[in-house]
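Structure file entry_17.cif with mmCIF, C-alpha atoms, pLDDT in the B column; chains and numbers go by the auth columns:
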```
data_upload
loop_
_atom_site.group_PDB
_atom_site.id
_atom_site.type_symbol
_atom_site.label_atom_id
_atom_site.label_comp_id
_atom_site.label_asym_id
_atom_site.label_seq_id
_atom_site.Cartn_x
_atom_site.Cartn_y
_atom_site.Cartn_z
_atom_site.B_iso_or_equiv
_atom_site.auth_seq_id
_atom_site.auth_asym_id
ATOM 1 C CA MET A 1 234.662 -161.745 20.015 94.00 1 V
ATOM 2 C CA HIS A 2 233.847 -162.748 16.448 97.00 2 V
ATOM 3 C CA SER A 3 232.748 -159.868 14.193 98.00 3 V
ATOM 4 C CA GLU A 4 231.920 -159.371 10.542 98.00 4 V
ATOM 5 C CA GLU A 5 230.426 -156.665 8.362 98.00 5 V
ATOM 6 C CA ILE A 6 227.870 -157.560 5.700 98.00 6 V
ATOM 7 C CA GLU A 7 226.417 -155.527 2.870 98.00 7 V
ATOM 8 C CA VAL A 8 222.661 -155.286 2.386 97.00 8 V
ATOM 9 C CA ARG A 9 221.082 -153.885 -0.771 96.00 9 V
ATOM 10 C CA THR A 10 217.863 -152.177 0.257 93.00 10 V
ATOM 11 C CA GLY A 11 217.148 -150.543 -3.098 90.00 11 V
ATOM 12 C CA SER A 12 215.361 -147.269 -3.714 91.00 12 V
ATOM 13 C CA VAL A 13 212.223 -147.880 -1.634 93.00 13 V
ATOM 14 C CA GLU A 14 211.509 -147.778 2.101 95.00 14 V
ATOM 15 C CA VAL A 15 212.069 -151.235 3.523 97.00 15 V
ATOM 16 C CA VAL A 16 211.970 -153.457 6.582 98.00 16 V
ATOM 17 C CA TYR A 17 214.601 -156.028 5.615 97.00 17 V
ATOM 18 C CA ASP A 18 214.692 -159.291 7.556 98.00 18 V
ATOM 19 C CA LEU A 19 218.288 -160.041 8.606 98.00 19 V
ATOM 20 C CA GLY A 20 217.458 -163.447 10.107 98.00 20 V
ATOM 21 C CA ALA A 21 219.194 -165.580 7.476 98.00 21 V
ATOM 22 C CA GLU A 22 222.335 -163.435 7.618 98.00 22 V
ATOM 23 C CA CYS A 23 222.389 -163.577 11.443 98.00 23 V
ATOM 24 C CA GLU A 24 221.963 -167.371 11.456 98.00 24 V
ATOM 25 C CA ARG A 25 224.745 -167.816 8.879 98.00 25 V
ATOM 26 C CA PHE A 26 227.009 -165.549 10.921 98.00 26 V
ATOM 27 C CA LEU A 27 226.352 -167.480 14.147 98.00 27 V
ATOM 28 C CA ARG A 28 227.197 -170.753 12.377 98.00 28 V
ATOM 29 C CA SER A 29 230.433 -169.263 11.027 98.00 29 V
ATOM 30 C CA ALA A 30 231.304 -168.001 14.522 98.00 30 V
ATOM 31 C CA ARG A 31 230.613 -171.487 15.962 98.00 31 V
ATOM 32 C CA ALA A 32 228.444 -169.673 18.486 98.00 32 V
ATOM 33 C CA ARG A 33 227.029 -171.463 21.518 98.00 33 V
ATOM 34 C CA ASP A 34 225.842 -169.197 24.363 98.00 34 V
ATOM 35 C CA GLY A 35 226.376 -165.442 24.386 98.00 35 V
ATOM 36 C CA LEU A 36 225.092 -162.273 22.764 98.00 36 V
ATOM 37 C CA LEU A 37 224.663 -161.290 19.145 98.00 37 V
ATOM 38 C CA ASN A 38 225.107 -157.559 18.679 98.00 38 V
ATOM 39 C CA VAL A 39 223.829 -156.070 15.441 98.00 39 V
ATOM 40 C CA TRP A 40 224.957 -152.541 14.537 98.00 40 V
ATOM 41 C CA VAL A 41 224.104 -150.322 11.565 98.00 41 V
ATOM 42 C CA PRO A 42 226.820 -147.646 11.106 97.00 42 V
ATOM 43 C CA HIS A 43 224.532 -145.233 9.257 96.00 43 V
ATOM 44 C CA ALA A 44 222.899 -141.955 10.296 95.00 44 V
ATOM 45 C CA THR A 45 219.687 -142.838 8.460 96.00 45 V
ATOM 46 C CA ALA A 46 218.812 -146.451 9.304 97.00 46 V
ATOM 47 C CA GLY A 47 217.853 -148.497 12.342 98.00 47 V
ATOM 48 C CA LEU A 48 217.166 -151.992 13.606 98.00 48 V
ATOM 49 C CA ALA A 49 213.907 -153.415 14.906 98.00 49 V
ATOM 50 C CA ILE A 50 212.868 -156.716 16.424 98.00 50 V
ATOM 51 C CA ILE A 51 209.477 -157.184 14.787 97.00 51 V
ATOM 52 C CA GLU A 52 207.172 -159.716 13.178 95.00 52 V
ATOM 53 C CA THR A 53 207.461 -159.797 9.401 93.00 53 V
ATOM 54 C CA GLY A 54 205.283 -161.171 6.635 90.00 54 V
ATOM 55 C CA ALA A 55 201.924 -160.623 8.365 93.00 55 V
ATOM 56 C CA GLY A 56 201.689 -156.875 7.769 95.00 56 V
ATOM 57 C CA SER A 57 203.582 -155.586 10.818 96.00 57 V
ATOM 58 C CA ASP A 58 206.541 -154.570 8.669 95.00 58 V
ATOM 59 C CA ASP A 59 204.260 -152.536 6.390 96.00 59 V
ATOM 60 C CA ASP A 60 202.504 -151.112 9.460 97.00 60 V
ATOM 61 C CA LEU A 61 205.863 -149.979 10.853 98.00 61 V
ATOM 62 C CA LEU A 62 206.702 -148.139 7.628 97.00 62 V
ATOM 63 C CA ALA A 63 203.215 -146.557 7.583 97.00 63 V
ATOM 64 C CA ALA A 64 203.619 -145.433 11.210 98.00 64 V
ATOM 65 C CA LEU A 65 207.022 -143.945 10.418 97.00 65 V
ATOM 66 C CA ARG A 66 205.516 -142.079 7.427 96.00 66 V
ATOM 67 C CA ASP A 67 202.844 -140.655 9.776 97.00 67 V
ATOM 68 C CA LEU A 68 205.351 -139.785 12.491 97.00 68 V
ATOM 69 C CA LEU A 69 208.153 -138.601 10.173 96.00 69 V
ATOM 70 C CA PRO A 70 206.554 -137.318 6.934 95.00 70 V
ATOM 71 C CA ALA A 71 208.760 -136.932 3.854 92.00 71 V
ATOM 72 C CA ASP A 72 207.964 -133.255 3.358 93.00 72 V
ATOM 73 C CA ASP A 73 209.742 -129.903 3.563 91.00 73 V
ATOM 74 C CA ARG A 74 209.456 -129.345 7.329 93.00 74 V
ATOM 75 C CA TRP A 75 212.976 -130.652 8.026 91.00 75 V
ATOM 76 C CA ARG A 76 215.956 -128.324 8.491 92.00 76 V
ATOM 77 C CA HIS A 77 218.323 -131.010 7.201 88.00 77 V
ATOM 78 C CA ARG A 78 217.685 -130.550 3.466 84.00 78 V
ATOM 79 C CA HIS A 79 220.085 -132.404 1.191 88.00 79 V
ATOM 80 C CA GLY A 80 219.008 -135.394 -0.881 86.00 80 V
ATOM 81 C CA SER A 81 215.470 -136.240 -1.898 89.00 81 V
ATOM 82 C CA ARG A 82 212.433 -134.349 -0.582 89.00 82 V
ATOM 83 C CA GLY A 83 211.968 -134.974 3.132 87.00 83 V
ATOM 84 C CA HIS A 84 215.349 -136.646 3.577 92.00 84 V
ATOM 85 C CA GLY A 85 215.789 -134.829 6.889 94.00 85 V
ATOM 86 C CA ARG A 86 213.314 -137.271 8.426 95.00 86 V
ATOM 87 C CA ASP A 87 215.711 -140.132 7.632 95.00 87 V
ATOM 88 C CA HIS A 88 218.256 -138.507 9.947 96.00 88 V
ATOM 89 C CA VAL A 89 215.675 -138.423 12.763 96.00 89 V
ATOM 90 C CA LEU A 90 214.728 -142.108 12.297 97.00 90 V
ATOM 91 C CA PRO A 91 217.547 -143.561 14.493 97.00 91 V
ATOM 92 C CA ALA A 92 216.149 -141.657 17.501 97.00 92 V
ATOM 93 C CA PHE A 93 212.987 -143.795 17.166 97.00 93 V
ATOM 94 C CA VAL A 94 214.398 -146.985 15.617 98.00 94 V
ATOM 95 C CA PRO A 95 217.889 -147.365 17.122 98.00 95 V
ATOM 96 C CA PRO A 96 220.882 -148.469 15.029 98.00 96 V
ATOM 97 C CA TYR A 97 221.677 -151.379 17.363 98.00 97 V
ATOM 98 C CA ALA A 98 220.150 -154.545 18.808 98.00 98 V
ATOM 99 C CA SER A 99 221.447 -157.225 21.174 98.00 99 V
ATOM 100 C CA ILE A 100 219.941 -160.701 21.003 98.00 100 V
ATOM 101 C CA PRO A 101 220.659 -163.547 23.454 98.00 101 V
ATOM 102 C CA VAL A 102 222.125 -166.635 21.805 98.00 102 V
ATOM 103 C CA LEU A 103 221.497 -170.023 23.425 98.00 103 V
ATOM 104 C CA GLY A 104 222.938 -173.202 21.985 98.00 104 V
ATOM 105 C CA GLY A 105 223.931 -171.355 18.826 98.00 105 V
ATOM 106 C CA GLU A 106 220.403 -170.045 18.134 98.00 106 V
ATOM 107 C CA MET A 107 218.984 -166.559 18.580 98.00 107 V
ATOM 108 C CA ALA A 108 216.579 -166.620 21.536 98.00 108 V
ATOM 109 C CA LEU A 109 213.815 -164.752 19.723 98.00 109 V
ATOM 110 C CA GLY A 110 210.094 -165.153 20.256 96.00 110 V
ATOM 111 C CA THR A 111 208.067 -167.228 17.800 94.00 111 V
ATOM 112 C CA TRP A 112 207.200 -164.324 15.498 95.00 112 V
ATOM 113 C CA GLN A 113 210.199 -162.056 16.107 97.00 113 V
ATOM 114 C CA SER A 114 212.742 -161.182 13.422 97.00 114 V
ATOM 115 C CA VAL A 115 215.817 -158.946 13.459 98.00 115 V
ATOM 116 C CA CYS A 116 215.193 -156.324 10.767 98.00 116 V
ATOM 117 C CA LEU A 117 217.001 -153.435 9.156 98.00 117 V
ATOM 118 C CA VAL A 118 214.667 -150.438 8.860 98.00 118 V
ATOM 119 C CA ASP A 119 215.684 -148.160 6.004 97.00 119 V
ATOM 120 C CA THR A 120 213.575 -145.192 4.884 95.00 120 V
ATOM 121 C CA ASN A 121 216.438 -143.483 3.031 95.00 121 V
ATOM 122 C CA VAL A 122 215.702 -143.989 -0.669 92.00 122 V
ATOM 123 C CA ASP A 123 218.908 -142.117 -1.587 93.00 123 V
ATOM 124 C CA ASN A 124 221.207 -144.850 -0.219 92.00 124 V
ATOM 125 C CA PRO A 125 220.503 -148.304 -1.735 93.00 125 V
ATOM 126 C CA VAL A 126 223.406 -150.107 -0.009 96.00 126 V
ATOM 127 C CA ARG A 127 223.820 -150.548 3.760 97.00 127 V
ATOM 128 C CA ARG A 128 226.484 -152.074 5.955 98.00 128 V
ATOM 129 C CA VAL A 129 225.535 -154.121 8.989 98.00 129 V
ATOM 130 C CA ARG A 130 228.072 -155.169 11.641 98.00 130 V
ATOM 131 C CA LEU A 131 227.378 -158.539 13.314 98.00 131 V
ATOM 132 C CA SER A 132 229.355 -159.346 16.473 98.00 132 V
ATOM 133 C CA PHE A 133 229.141 -162.415 18.692 98.00 133 V
ATOM 134 C CA LEU A 134 230.248 -162.094 22.296 98.00 134 V
ATOM 135 C CA PRO A 135 230.569 -165.533 23.892 98.00 135 V
ATOM 136 C CA GLY A 136 229.129 -166.008 27.391 94.00 136 V
#
```
Take the structure in the file and give it back as structure tokens.
Amino acid sequence: MHSEEIEVRTGSVEVVYDLGAECERFLRSARARDGLLNVWVPHATAGLAIIETGAGSDDDLLAALRDLLPADDRWRHRHGSRGHGRDHVLPAFVPPYASIPVLGGEMALGTWQSVCLVDTNVDNPVRRVRLSFLPG
């Protein structure tokens, strides 16, 4: 297995961050052919989604998460910025892991699919992402 941890700067705003370029670079460095790419976010307040980006779906996802998990005072977990407790609930809806088939060194994603980090935690501007390639 080939594995590497990368750092992603998400800043101080909610974001759907496309990890495609980082995943492709990693697969090249791993000399990947056929197997599985596992992507893991070791954080209690972030997740991973396979979603279309750039056509509004990423903004729609953040809007849906704001509707589902409002940043208000309803949360029992109360450190950090207002509503931060919702960030700790996020991984139950947007899991912190994804596995993508790799064929001939390329992720076998659909035409409009991207591997994305979903981060609603404005208190933590830097995230780690673990990329692991398991050859078939």
Next on the checklist: Report as a PyMOL selection string all protein, DNA and RNA residues lying within 8 Å of V:Ile6, evaluated on only C-alpha atoms, omitting residues in the same chain fewer than 5 positions from it.
Outcome noted: chain V and resi 128-131
Next on the checklist: So that I can see what lies close to V:Trp112, please list as a VMD selection string the residues with an atom at most 12 Å from it, counting only C-alpha atoms and leaving out residues fewer than 5 positions away in the same chain.
Outcome noted: chain V and resid 20 50 to 55 57 to 58
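Taking atom CA of V:Arg66 and atom CA of V:Thr120 as the two end points, the separation is 9.0 Å.
Put simply, atom CA of V:Leu27 is 14.0 Å away from atom CA of V:Leu109.
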Checklist entry - If you apply the PyMOL selection byres ((chain V and resi 118) around 8) to this file, what residues do you get, as a ChimeraX atom specification? => result /V:14-17,46-49,94,116-117,119-120
Checklist entry - With only C-alpha atoms as the basis for distance, which of V:Leu62, V:Ala44, V:Ser132, V:Leu68 is at the shortest distance from V:Ser99? => result V:Ser132
V:Ser3 environment, 12 Å, only C-alpha atoms, sequence neighbours closer than 5 positions dropped, as a PDB file with C-alpha atoms, in the coordinates of the input:
```pdb
ATOM      1  CA  CYS V  23     222.389-163.577  11.443  1.00 98.00           C
ATOM      2  CA  PHE V  26     227.009-165.549  10.921  1.00 98.00           C
ATOM      3  CA  LEU V  27     226.352-167.480  14.147  1.00 98.00           C
ATOM      4  CA  SER V  29     230.433-169.263  11.027  1.00 98.00           C
ATOM      5  CA  ALA V  30     231.304-168.001  14.522  1.00 98.00           C
ATOM      6  CA  ARG V  31     230.613-171.487  15.962  1.00 98.00           C
ATOM      7  CA  ALA V  32     228.444-169.673  18.486  1.00 98.00           C
ATOM      8  CA  LEU V  36     225.092-162.273  22.764  1.00 98.00           C
ATOM      9  CA  LEU V  37     224.663-161.290  19.145  1.00 98.00           C
ATOM     10  CA  ASN V  38     225.107-157.559  18.679  1.00 98.00           C
ATOM     11  CA  VAL V  39     223.829-156.070  15.441  1.00 98.00           C
ATOM     12  CA  TRP V  40     224.957-152.541  14.537  1.00 98.00           C
ATOM     13  CA  VAL V 129     225.535-154.121   8.989  1.00 98.00           C
ATOM     14  CA  ARG V 130     228.072-155.169  11.641  1.00 98.00           C
ATOM     15  CA  LEU V 131     227.378-158.539  13.314  1.00 98.00           C
ATOM     16  CA  SER V 132     229.355-159.346  16.473  1.00 98.00           C
ATOM     17  CA  PHE V 133     229.141-162.415  18.692  1.00 98.00           C
ATOM     18  CA  LEU V 134     230.248-162.094  22.296  1.00 98.00           C
ATOM     19  CA  PRO V 135     230.569-165.533  23.892  1.00 98.00           C
TER      20      PRO V 135
END
```
Item to check | Selected residue of minimal separation from V:Leu103 among V:His88, V:Arg25, V:Arg33, V:Arg9, counting all atoms listed in the file | outcome: V:Arg33
Item to check | Atom pair atom CA of V:Thr45 / atom CA of V:Thr10: separation (Å) | outcome: 12.6 Å
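Comparing V:Ala71, V:Gly83, V:Val115, V:Ala63 by their smallest distance to V:Leu19, the closest is V:Val115 (using only C-alpha atoms).
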Checklist entry - Written as a list in words, which residues does the PyMOL selection byres ((chain V and resi 125) around 10) give for the file shown? => result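 Taken over the shown coordinates, the PyMOL selection byres ((chain V and resi 125) around 10) returns Val8, Arg9, Thr10, Gly11, Ser12, Val13, Glu14, Asp119, Asn121, Val122, Asp123, Asn124, Val126 and Arg127 of chain V.
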Next on the checklist: Between V:Glu7, V:Pro70, V:Leu65, V:Ala21, which residue has the minimum interatomic distance to V:Ala92, considering all atoms listed in the file?
Outcome noted: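 Checking each candidate against V:Ala92, we get V:Leu65 as the closest.
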Let me have the centre and edge lengths in Å, one decimal, of the box along x, y and z around every listed atom of stretch 73-89 of chain V with 3 Å of margin on each side, as AutoDock Vina command-line options.
```
--center_x 214.8 --center_y -134.2 --center_z 5.4 --size_x 16.6 --size_y 17.8 --size_z 20.7
```
Item to check | Hits of the PyMOL selection byres ((chain V and resi 73) around 10) in this structure, as a list in words | outcome: Pro70, Ala71, Asp72, Arg74, Trp75, Arg76, His77, Arg78, Arg82, Gly83, His84, Gly85 and Arg86 of chain V
Deliver the residues from the most recent selection as a file, using C-alpha atoms, as a PDB file, in the frame of the given file.
```pdb
ATOM      1  CA  PRO V  70     206.554-137.318   6.934  1.00 95.00           C
ATOM      2  CA  ALA V  71     208.760-136.932   3.854  1.00 92.00           C
ATOM      3  CA  ASP V  72     207.964-133.255   3.358  1.00 93.00           C
ATOM      4  CA  ARG V  74     209.456-129.345   7.329  1.00 93.00           C
ATOM      5  CA  TRP V  75     212.976-130.652   8.026  1.00 91.00           C
ATOM      6  CA  ARG V  76     215.956-128.324   8.491  1.00 92.00           C
ATOM      7  CA  HIS V  77     218.323-131.010   7.201  1.00 88.00           C
ATOM      8  CA  ARG V  78     217.685-130.550   3.466  1.00 84.00           C
ATOM      9  CA  ARG V  82     212.433-134.349  -0.582  1.00 89.00           C
ATOM     10  CA  GLY V  83     211.968-134.974   3.132  1.00 87.00           C
ATOM     11  CA  HIS V  84     215.349-136.646   3.577  1.00 92.00           C
ATOM     12  CA  GLY V  85     215.789-134.829   6.889  1.00 94.00           C
ATOM     13  CA  ARG V  86     213.314-137.271   8.426  1.00 95.00           C
TER      14      ARG V  86
END
```
